[in-house]
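A short worksheet on the structure shown next.
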Amino acid sequence: MIPGKTESASKGASDCRSCSIRDMVLFADLNEADFARIHAPIDDLELRAGTPLFQEGASAMGIFTLRAGRIKLMRSTSDGRQRIVRVLRPGDVAGMEALVVSRYNTDAVALTDASVCRIPLSVIHTLGASSPRLQQRLMEKWHHALKDADDWLADLNFGSARQRVCNFVLKMRSATDGQVVTLFAREDMGSMLNLKLETVSREVSALVREGALKPLDKQGRAYRILNLSPLLAA
């Protein structure tokens with residue numbers, strides 16, 4: 001059972017052949033013979049914002065592909081705080097450590113309402129033993145996850161507050177409309193960027209005043225980029 005599953009809704013078994021983001025996820029290169037080897041159910045889950053997908057230290061039962069929304073990965077520090085170490089976007093895979101260890105090494109929590117596919121480890125192991133295509137895709141996803149984590153650390157945890165916030169804004173651009181940005185609660189942003197909440201709020205407000213960003217909602221989550229220059233200059 002997934003920690004927090006009582007707050008998520010299962011939509012039943014997933015049809016990976018007709019998945020709208022199949023090209024972005026693990027099964028993009030599988031053929032009909034590969035799909036015929038899938039016997040355990042692959043479940044569709046709907047998560048409300050704030051719902052945990054899995055918890056750090058919990059027994060790993062499967063991995064997850066994100067179809068829609070955003071999920072934050074958090075790790076506890078030695079002083080008891082939680083730091084956001086990565087944000088997953090559609091097409092990303094959560095819990096890949098389950099392939100080599102028995103427990104998850106982060107908390108995974110929905111930042112927004114999200115849709116995920118839960119893939120049992122038995123499916124991955126069965127296909128991995130018979131499909132070099134899946135093995136290659138797993139290695140690509142693992143490499144992407146490591147590079148993304150390195151980039152996250154380099155871009156969002158070093159430099160001035162202005163640089164960190166601007167880099168974060170650029171990273172959070174929509175894949176379908178690069179002028180639209182989805183930010184999160186200022187507390188979450190502070191955890192991601194290792195900045196105080198007040199500092200994050202001040203920097204975002206400055207970008208709005210300077211005409212770089214235009215708010216699209218009253219909650220301060222959605223923005224349109226009006227001028228890239230201040231963001232790139234940072």
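FYI, nothing fancy with the structure tokens labels: chains A, B, ... in order, residues from 1 per chain, ligands from 1 as they appear.
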
>> Which residues are near A:Arg221? Cut-off 7 Å, only C-alpha atoms, ignore same chain within fewer than 3 positions. Put them as an NGL selection string.
In response: :A and (182-184 or 217)

>> From a backbone DSSP assignment, name each residue in stretch 22-230 of chain A labelled helix (DSSP H, G or I), as a ChimeraX atom specification.
In response: /A:22-24,26-29,32-36,96-99,121-130,132-156,161-171,186-193,197-209,229-230

Dump C-alpha atoms for the selected residues as an mmCIF file, in the first residue's frame?
```cif
data_model
loop_
_atom_site.group_PDB
_atom_site.id
_atom_site.type_symbol
_atom_site.label_atom_id
_atom_site.label_comp_id
_atom_site.auth_asym_id
_atom_site.auth_seq_id
_atom_site.Cartn_x
_atom_site.Cartn_y
_atom_site.Cartn_z
ATOM 1 C CA ARG A 22 3.734 7.097 -24.019
ATOM 2 C CA ASP A 23 6.671 8.553 -25.955
ATOM 3 C CA MET A 24 7.861 10.293 -22.784
ATOM 4 C CA LEU A 26 9.267 3.967 -19.836
ATOM 5 C CA PHE A 27 7.235 1.938 -22.304
ATOM 6 C CA ALA A 28 7.799 4.108 -25.392
ATOM 7 C CA ASP A 29 9.956 1.533 -27.193
ATOM 8 C CA GLU A 32 3.309 -5.957 -28.835
ATOM 9 C CA ALA A 33 5.346 -8.971 -27.707
ATOM 10 C CA ASP A 34 6.675 -6.934 -24.787
ATOM 11 C CA PHE A 35 3.190 -5.790 -23.771
ATOM 12 C CA ALA A 36 2.014 -9.425 -23.860
ATOM 13 C CA MET A 96 13.731 4.302 -9.507
ATOM 14 C CA GLU A 97 15.884 3.409 -6.520
ATOM 15 C CA ALA A 98 13.400 0.555 -6.010
ATOM 16 C CA LEU A 99 15.218 -1.279 -8.802
ATOM 17 C CA LEU A 121 8.508 -4.174 -9.650
ATOM 18 C CA SER A 122 7.538 -7.606 -10.990
ATOM 19 C CA VAL A 123 6.591 -5.997 -14.325
ATOM 20 C CA ILE A 124 9.892 -4.119 -14.549
ATOM 21 C CA HIS A 125 11.943 -7.198 -13.674
ATOM 22 C CA THR A 126 10.057 -9.425 -16.135
ATOM 23 C CA LEU A 127 10.353 -6.985 -18.999
ATOM 24 C CA GLY A 128 13.886 -6.018 -18.092
ATOM 25 C CA ALA A 129 15.006 -9.639 -18.394
ATOM 26 C CA SER A 130 13.530 -10.018 -21.875
ATOM 27 C CA PRO A 132 16.731 -4.710 -24.193
ATOM 28 C CA ARG A 133 14.510 -1.805 -25.250
ATOM 29 C CA LEU A 134 13.201 -1.372 -21.706
ATOM 30 C CA GLN A 135 16.676 -1.783 -20.244
ATOM 31 C CA GLN A 136 17.920 1.013 -22.497
ATOM 32 C CA ARG A 137 15.005 3.265 -21.562
ATOM 33 C CA LEU A 138 15.591 2.619 -17.842
ATOM 34 C CA MET A 139 19.224 3.613 -18.196
ATOM 35 C CA GLU A 140 18.219 6.771 -20.073
ATOM 36 C CA LYS A 141 15.717 7.693 -17.361
ATOM 37 C CA TRP A 142 18.263 7.014 -14.635
ATOM 38 C CA HIS A 143 20.824 9.192 -16.389
ATOM 39 C CA HIS A 144 18.231 11.951 -16.810
ATOM 40 C CA ALA A 145 17.325 11.774 -13.126
ATOM 41 C CA LEU A 146 20.973 12.080 -12.060
ATOM 42 C CA LYS A 147 21.649 14.947 -14.467
ATOM 43 C CA ASP A 148 18.469 16.738 -13.395
ATOM 44 C CA ALA A 149 19.428 16.388 -9.745
ATOM 45 C CA ASP A 150 22.925 17.751 -10.471
ATOM 46 C CA ASP A 151 21.500 20.644 -12.486
ATOM 47 C CA TRP A 152 19.006 21.361 -9.721
ATOM 48 C CA LEU A 153 21.796 21.595 -7.164
ATOM 49 C CA ALA A 154 24.002 23.715 -9.404
ATOM 50 C CA ASP A 155 21.325 26.110 -10.666
ATOM 51 C CA LEU A 156 19.064 26.482 -7.655
ATOM 52 C CA ALA A 161 18.767 35.001 -4.286
ATOM 53 C CA ARG A 162 17.969 36.749 -7.559
ATOM 54 C CA GLN A 163 19.872 34.171 -9.570
ATOM 55 C CA ARG A 164 18.209 31.244 -7.811
ATOM 56 C CA VAL A 165 14.692 32.591 -8.256
ATOM 57 C CA CYS A 166 15.285 33.465 -11.911
ATOM 58 C CA ASN A 167 16.741 30.034 -12.641
ATOM 59 C CA PHE A 168 13.759 28.427 -10.923
ATOM 60 C CA VAL A 169 11.308 30.483 -12.987
ATOM 61 C CA LEU A 170 13.064 29.372 -16.173
ATOM 62 C CA LYS A 171 12.961 25.721 -15.102
ATOM 63 C CA ARG A 186 6.581 30.412 -1.328
ATOM 64 C CA GLU A 187 7.456 28.057 1.529
ATOM 65 C CA ASP A 188 8.040 25.238 -0.961
ATOM 66 C CA MET A 189 10.103 27.532 -3.146
ATOM 67 C CA GLY A 190 12.193 28.537 -0.138
ATOM 68 C CA SER A 191 12.839 24.875 0.609
ATOM 69 C CA MET A 192 13.849 24.241 -2.984
ATOM 70 C CA LEU A 193 16.157 27.241 -3.212
ATOM 71 C CA LEU A 197 10.134 32.620 2.446
ATOM 72 C CA GLU A 198 10.332 36.410 2.667
ATOM 73 C CA THR A 199 13.310 36.503 0.321
ATOM 74 C CA VAL A 200 11.515 34.435 -2.304
ATOM 75 C CA SER A 201 8.420 36.652 -2.103
ATOM 76 C CA ARG A 202 10.543 39.777 -2.448
ATOM 77 C CA GLU A 203 12.374 38.509 -5.526
ATOM 78 C CA VAL A 204 9.205 37.349 -7.294
ATOM 79 C CA SER A 205 7.524 40.680 -6.548
ATOM 80 C CA ALA A 206 10.552 42.502 -7.965
ATOM 81 C CA LEU A 207 10.294 40.550 -11.229
ATOM 82 C CA VAL A 208 6.624 41.522 -11.471
ATOM 83 C CA ARG A 209 7.392 45.201 -10.817
ATOM 84 C CA SER A 229 15.954 39.601 -20.437
ATOM 85 C CA PRO A 230 15.912 40.117 -16.628
#
```

> If we count only C-alpha atoms, what is near stretch 100-114 of chain A at a cut-off of 9 Å, once residues fewer than 4 positions away on the same chain are taken out, given as a ChimeraX atom specification?
Replying inline: /A:45-61,66-76,85,87,94-96,184-185,188

> How many Å separate atom CA of A:Thr176 from atom CA of A:Asp43?
Replying inline: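 The value is 26.0 Å.
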
Within stretch 21-152 of chain A, find each residue whose DSSP state, derived from the backbone, is strand (DSSP E or B), and express the selection as a PDB file with N, CA and C atoms, in the first residue's frame.
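Writing the result to result.pdb gives the following:
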```pdb
ATOM      1  N   ASP A  43      -1.508   0.452 -12.477  1.00  0.00           N
ATOM      2  CA  ASP A  43      -2.646   1.249 -12.028  1.00  0.00           C
ATOM      3  C   ASP A  43      -2.484   2.728 -12.340  1.00  0.00           C
ATOM      4  N   ASP A  44      -3.606   3.353 -12.698  1.00  0.00           N
ATOM      5  CA  ASP A  44      -3.676   4.811 -12.798  1.00  0.00           C
ATOM      6  C   ASP A  44      -4.109   5.355 -11.449  1.00  0.00           C
ATOM      7  N   LEU A  45      -3.397   6.354 -10.944  1.00  0.00           N
ATOM      8  CA  LEU A  45      -3.749   6.981  -9.674  1.00  0.00           C
ATOM      9  C   LEU A  45      -3.897   8.482  -9.860  1.00  0.00           C
ATOM     10  N   GLU A  46      -4.863   9.052  -9.180  1.00  0.00           N
ATOM     11  CA  GLU A  46      -5.057  10.504  -9.153  1.00  0.00           C
ATOM     12  C   GLU A  46      -4.703  10.997  -7.746  1.00  0.00           C
ATOM     13  N   LEU A  47      -3.812  11.970  -7.647  1.00  0.00           N
ATOM     14  CA  LEU A  47      -3.388  12.512  -6.365  1.00  0.00           C
ATOM     15  C   LEU A  47      -3.806  13.961  -6.247  1.00  0.00           C
ATOM     16  N   PRO A  52       0.845  12.386  -0.220  1.00  0.00           N
ATOM     17  CA  PRO A  52       2.096  11.642  -0.410  1.00  0.00           C
ATOM     18  C   PRO A  52       1.920  10.489  -1.381  1.00  0.00           C
ATOM     19  N   LEU A  53       2.896  10.295  -2.242  1.00  0.00           N
ATOM     20  CA  LEU A  53       2.923   9.137  -3.136  1.00  0.00           C
ATOM     21  C   LEU A  53       3.664   7.991  -2.468  1.00  0.00           C
ATOM     22  N   PHE A  54       4.827   8.300  -1.875  1.00  0.00           N
ATOM     23  CA  PHE A  54       5.529   7.340  -1.021  1.00  0.00           C
ATOM     24  C   PHE A  54       6.385   8.126  -0.051  1.00  0.00           C
ATOM     25  N   SER A  59       9.029   0.597   2.352  1.00  0.00           N
ATOM     26  CA  SER A  59       9.359  -0.525   1.480  1.00  0.00           C
ATOM     27  C   SER A  59       8.956  -0.202   0.042  1.00  0.00           C
ATOM     28  N   GLY A  62       7.135  -0.563  -6.086  1.00  0.00           N
ATOM     29  CA  GLY A  62       7.026  -0.288  -7.512  1.00  0.00           C
ATOM     30  C   GLY A  62       7.629   1.062  -7.833  1.00  0.00           C
ATOM     31  N   ILE A  63       7.595   1.419  -9.108  1.00  0.00           N
ATOM     32  CA  ILE A  63       8.027   2.739  -9.539  1.00  0.00           C
ATOM     33  C   ILE A  63       6.839   3.444 -10.180  1.00  0.00           C
ATOM     34  N   PHE A  64       6.972   4.743 -10.403  1.00  0.00           N
ATOM     35  CA  PHE A  64       5.837   5.540 -10.837  1.00  0.00           C
ATOM     36  C   PHE A  64       6.247   6.457 -11.986  1.00  0.00           C
ATOM     37  N   THR A  65       5.401   6.551 -12.995  1.00  0.00           N
ATOM     38  CA  THR A  65       5.609   7.527 -14.058  1.00  0.00           C
ATOM     39  C   THR A  65       4.563   8.628 -13.890  1.00  0.00           C
ATOM     40  N   LEU A  66       5.007   9.853 -14.021  1.00  0.00           N
ATOM     41  CA  LEU A  66       4.130  10.999 -13.837  1.00  0.00           C
ATOM     42  C   LEU A  66       3.520  11.386 -15.176  1.00  0.00           C
ATOM     43  N   ARG A  67       2.196  11.373 -15.241  1.00  0.00           N
ATOM     44  CA  ARG A  67       1.486  11.698 -16.481  1.00  0.00           C
ATOM     45  C   ARG A  67       1.063  13.162 -16.532  1.00  0.00           C
ATOM     46  N   ALA A  68       0.714  13.728 -15.380  1.00  0.00           N
ATOM     47  CA  ALA A  68       0.274  15.126 -15.332  1.00  0.00           C
ATOM     48  C   ALA A  68       0.553  15.682 -13.953  1.00  0.00           C
ATOM     49  N   ILE A  71       5.352  16.712  -8.884  1.00  0.00           N
ATOM     50  CA  ILE A  71       5.610  15.988  -7.627  1.00  0.00           C
ATOM     51  C   ILE A  71       6.957  16.446  -7.094  1.00  0.00           C
ATOM     52  N   LYS A  72       7.022  16.723  -5.800  1.00  0.00           N
ATOM     53  CA  LYS A  72       8.292  17.115  -5.184  1.00  0.00           C
ATOM     54  C   LYS A  72       8.909  15.923  -4.477  1.00  0.00           C
ATOM     55  N   LEU A  73      10.215  15.790  -4.616  1.00  0.00           N
ATOM     56  CA  LEU A  73      10.984  14.782  -3.898  1.00  0.00           C
ATOM     57  C   LEU A  73      11.721  15.481  -2.766  1.00  0.00           C
ATOM     58  N   MET A  74      11.545  14.996  -1.548  1.00  0.00           N
ATOM     59  CA  MET A  74      12.120  15.640  -0.370  1.00  0.00           C
ATOM     60  C   MET A  74      12.951  14.640   0.424  1.00  0.00           C
ATOM     61  N   ARG A  75      13.993  15.174   1.056  1.00  0.00           N
ATOM     62  CA  ARG A  75      14.868  14.342   1.885  1.00  0.00           C
ATOM     63  C   ARG A  75      15.106  15.054   3.208  1.00  0.00           C
ATOM     64  N   SER A  76      15.133  14.291   4.291  1.00  0.00           N
ATOM     65  CA  SER A  76      15.347  14.852   5.618  1.00  0.00           C
ATOM     66  C   SER A  76      16.823  15.169   5.817  1.00  0.00           C
ATOM     67  N   GLN A  82      13.289  19.282   6.151  1.00  0.00           N
ATOM     68  CA  GLN A  82      13.111  18.617   4.873  1.00  0.00           C
ATOM     69  C   GLN A  82      13.476  19.564   3.747  1.00  0.00           C
ATOM     70  N   ARG A  83      14.318  19.087   2.845  1.00  0.00           N
ATOM     71  CA  ARG A  83      14.727  19.870   1.686  1.00  0.00           C
ATOM     72  C   ARG A  83      14.154  19.239   0.426  1.00  0.00           C
ATOM     73  N   ILE A  84      13.622  20.065  -0.446  1.00  0.00           N
ATOM     74  CA  ILE A  84      13.171  19.579  -1.743  1.00  0.00           C
ATOM     75  C   ILE A  84      14.392  19.421  -2.631  1.00  0.00           C
ATOM     76  N   VAL A  85      14.625  18.211  -3.110  1.00  0.00           N
ATOM     77  CA  VAL A  85      15.826  17.937  -3.886  1.00  0.00           C
ATOM     78  C   VAL A  85      15.555  17.870  -5.385  1.00  0.00           C
ATOM     79  N   ARG A  86      14.275  17.789  -5.769  1.00  0.00           N
ATOM     80  CA  ARG A  86      13.940  17.737  -7.195  1.00  0.00           C
ATOM     81  C   ARG A  86      12.442  17.863  -7.352  1.00  0.00           C
ATOM     82  N   VAL A  87      12.029  18.430  -8.466  1.00  0.00           N
ATOM     83  CA  VAL A  87      10.615  18.485  -8.824  1.00  0.00           C
ATOM     84  C   VAL A  87      10.414  17.663 -10.093  1.00  0.00           C
ATOM     85  N   LEU A  88       9.481  16.715 -10.045  1.00  0.00           N
ATOM     86  CA  LEU A  88       9.194  15.869 -11.205  1.00  0.00           C
ATOM     87  C   LEU A  88       8.103  16.499 -12.053  1.00  0.00           C
ATOM     88  N   VAL A  93      10.123   9.812 -13.905  1.00  0.00           N
ATOM     89  CA  VAL A  93       9.894   8.563 -13.169  1.00  0.00           C
ATOM     90  C   VAL A  93      10.290   8.768 -11.711  1.00  0.00           C
ATOM     91  N   ALA A  94       9.434   8.328 -10.807  1.00  0.00           N
ATOM     92  CA  ALA A  94       9.700   8.422  -9.367  1.00  0.00           C
ATOM     93  C   ALA A  94       9.952   7.045  -8.788  1.00  0.00           C
ATOM     94  N   ARG A 103      14.070   0.106  -0.307  1.00  0.00           N
ATOM     95  CA  ARG A 103      13.297   1.204   0.286  1.00  0.00           C
ATOM     96  C   ARG A 103      13.490   2.484  -0.525  1.00  0.00           C
ATOM     97  N   ASP A 107      10.924  11.305   0.250  1.00  0.00           N
ATOM     98  CA  ASP A 107       9.477  11.455   0.261  1.00  0.00           C
ATOM     99  C   ASP A 107       9.068  11.984  -1.108  1.00  0.00           C
ATOM    100  N   ALA A 108       7.947  11.488  -1.626  1.00  0.00           N
ATOM    101  CA  ALA A 108       7.383  12.008  -2.870  1.00  0.00           C
ATOM    102  C   ALA A 108       5.976  12.509  -2.567  1.00  0.00           C
ATOM    103  N   VAL A 109       5.745  13.798  -2.782  1.00  0.00           N
ATOM    104  CA  VAL A 109       4.471  14.427  -2.441  1.00  0.00           C
ATOM    105  C   VAL A 109       3.987  15.258  -3.625  1.00  0.00           C
ATOM    106  N   ALA A 110       2.706  15.184  -3.926  1.00  0.00           N
ATOM    107  CA  ALA A 110       2.142  15.947  -5.034  1.00  0.00           C
ATOM    108  C   ALA A 110       2.188  17.443  -4.718  1.00  0.00           C
ATOM    109  N   ALA A 114      -2.163  15.614  -9.435  1.00  0.00           N
ATOM    110  CA  ALA A 114      -1.284  14.856 -10.324  1.00  0.00           C
ATOM    111  C   ALA A 114      -1.898  13.515 -10.705  1.00  0.00           C
ATOM    112  N   SER A 115      -1.487  13.017 -11.878  1.00  0.00           N
ATOM    113  CA  SER A 115      -1.865  11.689 -12.341  1.00  0.00           C
ATOM    114  C   SER A 115      -0.594  10.865 -12.513  1.00  0.00           C
ATOM    115  N   VAL A 116      -0.578   9.673 -11.937  1.00  0.00           N
ATOM    116  CA  VAL A 116       0.598   8.818 -12.036  1.00  0.00           C
ATOM    117  C   VAL A 116       0.191   7.397 -12.401  1.00  0.00           C
ATOM    118  N   CYS A 117       1.124   6.679 -12.998  1.00  0.00           N
ATOM    119  CA  CYS A 117       0.972   5.245 -13.231  1.00  0.00           C
ATOM    120  C   CYS A 117       1.877   4.508 -12.261  1.00  0.00           C
ATOM    121  N   ARG A 118       1.311   3.528 -11.568  1.00  0.00           N
ATOM    122  CA  ARG A 118       2.094   2.719 -10.631  1.00  0.00           C
ATOM    123  C   ARG A 118       2.447   1.398 -11.324  1.00  0.00           C
ATOM    124  N   ILE A 119       3.759   1.155 -11.453  1.00  0.00           N
ATOM    125  CA  ILE A 119       4.235  -0.026 -12.163  1.00  0.00           C
ATOM    126  C   ILE A 119       4.875  -0.983 -11.156  1.00  0.00           C
ATOM    127  N   PRO A 120       4.304  -2.159 -10.930  1.00  0.00           N
ATOM    128  CA  PRO A 120       4.888  -3.100  -9.971  1.00  0.00           C
ATOM    129  C   PRO A 120       6.306  -3.501 -10.366  1.00  0.00           C
TER     130      PRO A 120
END
```

Write out as a compact mmCIF listing (two decimals) with N, CA and C atoms, in the first residue's frame each polymer residue whose atoms come within 10 Å of A:Ala175, counting only C-alpha atoms; drop sequence neighbours fewer than 4 positions from it.
```txt
# COMPACT_ATOMS: atom_id res chain seq x y z
N ARG A 89 8.27 16.37 -13.36
CA ARG A 89 7.30 16.87 -14.32
C ARG A 89 6.80 15.73 -15.19
N PRO A 90 5.73 15.94 -15.98
CA PRO A 90 5.19 14.85 -16.80
C PRO A 90 6.27 14.15 -17.62
N LYS A 171 13.15 27.17 -15.14
CA LYS A 171 12.96 25.72 -15.10
C LYS A 171 11.49 25.33 -15.06
N GLN A 179 6.10 30.52 -22.40
CA GLN A 179 5.88 31.82 -21.78
C GLN A 179 5.10 31.70 -20.47
N VAL A 180 4.55 30.53 -20.19
CA VAL A 180 3.74 30.33 -18.98
C VAL A 180 4.57 29.58 -17.94
N VAL A 181 4.53 30.07 -16.72
CA VAL A 181 5.31 29.49 -15.61
C VAL A 181 4.37 29.14 -14.47
```

>> One number please: atom CA of A:Ala212 to atom CA of A:Gly159, in Å, one decimal.
In response: 19.7 Å

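Taking atom CA of A:Phe158 and atom CA of A:Arg81 as endpoints, the distance between them is 19.0 Å.
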
> Of the candidates A:Ser78, A:Leu195, A:Glu210, A:Gly178, which one gets nearest to A:Ile225 if we count only C-alpha atoms?
Replying inline: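 Checking each candidate against A:Ile225, we get A:Gly178 as the closest.
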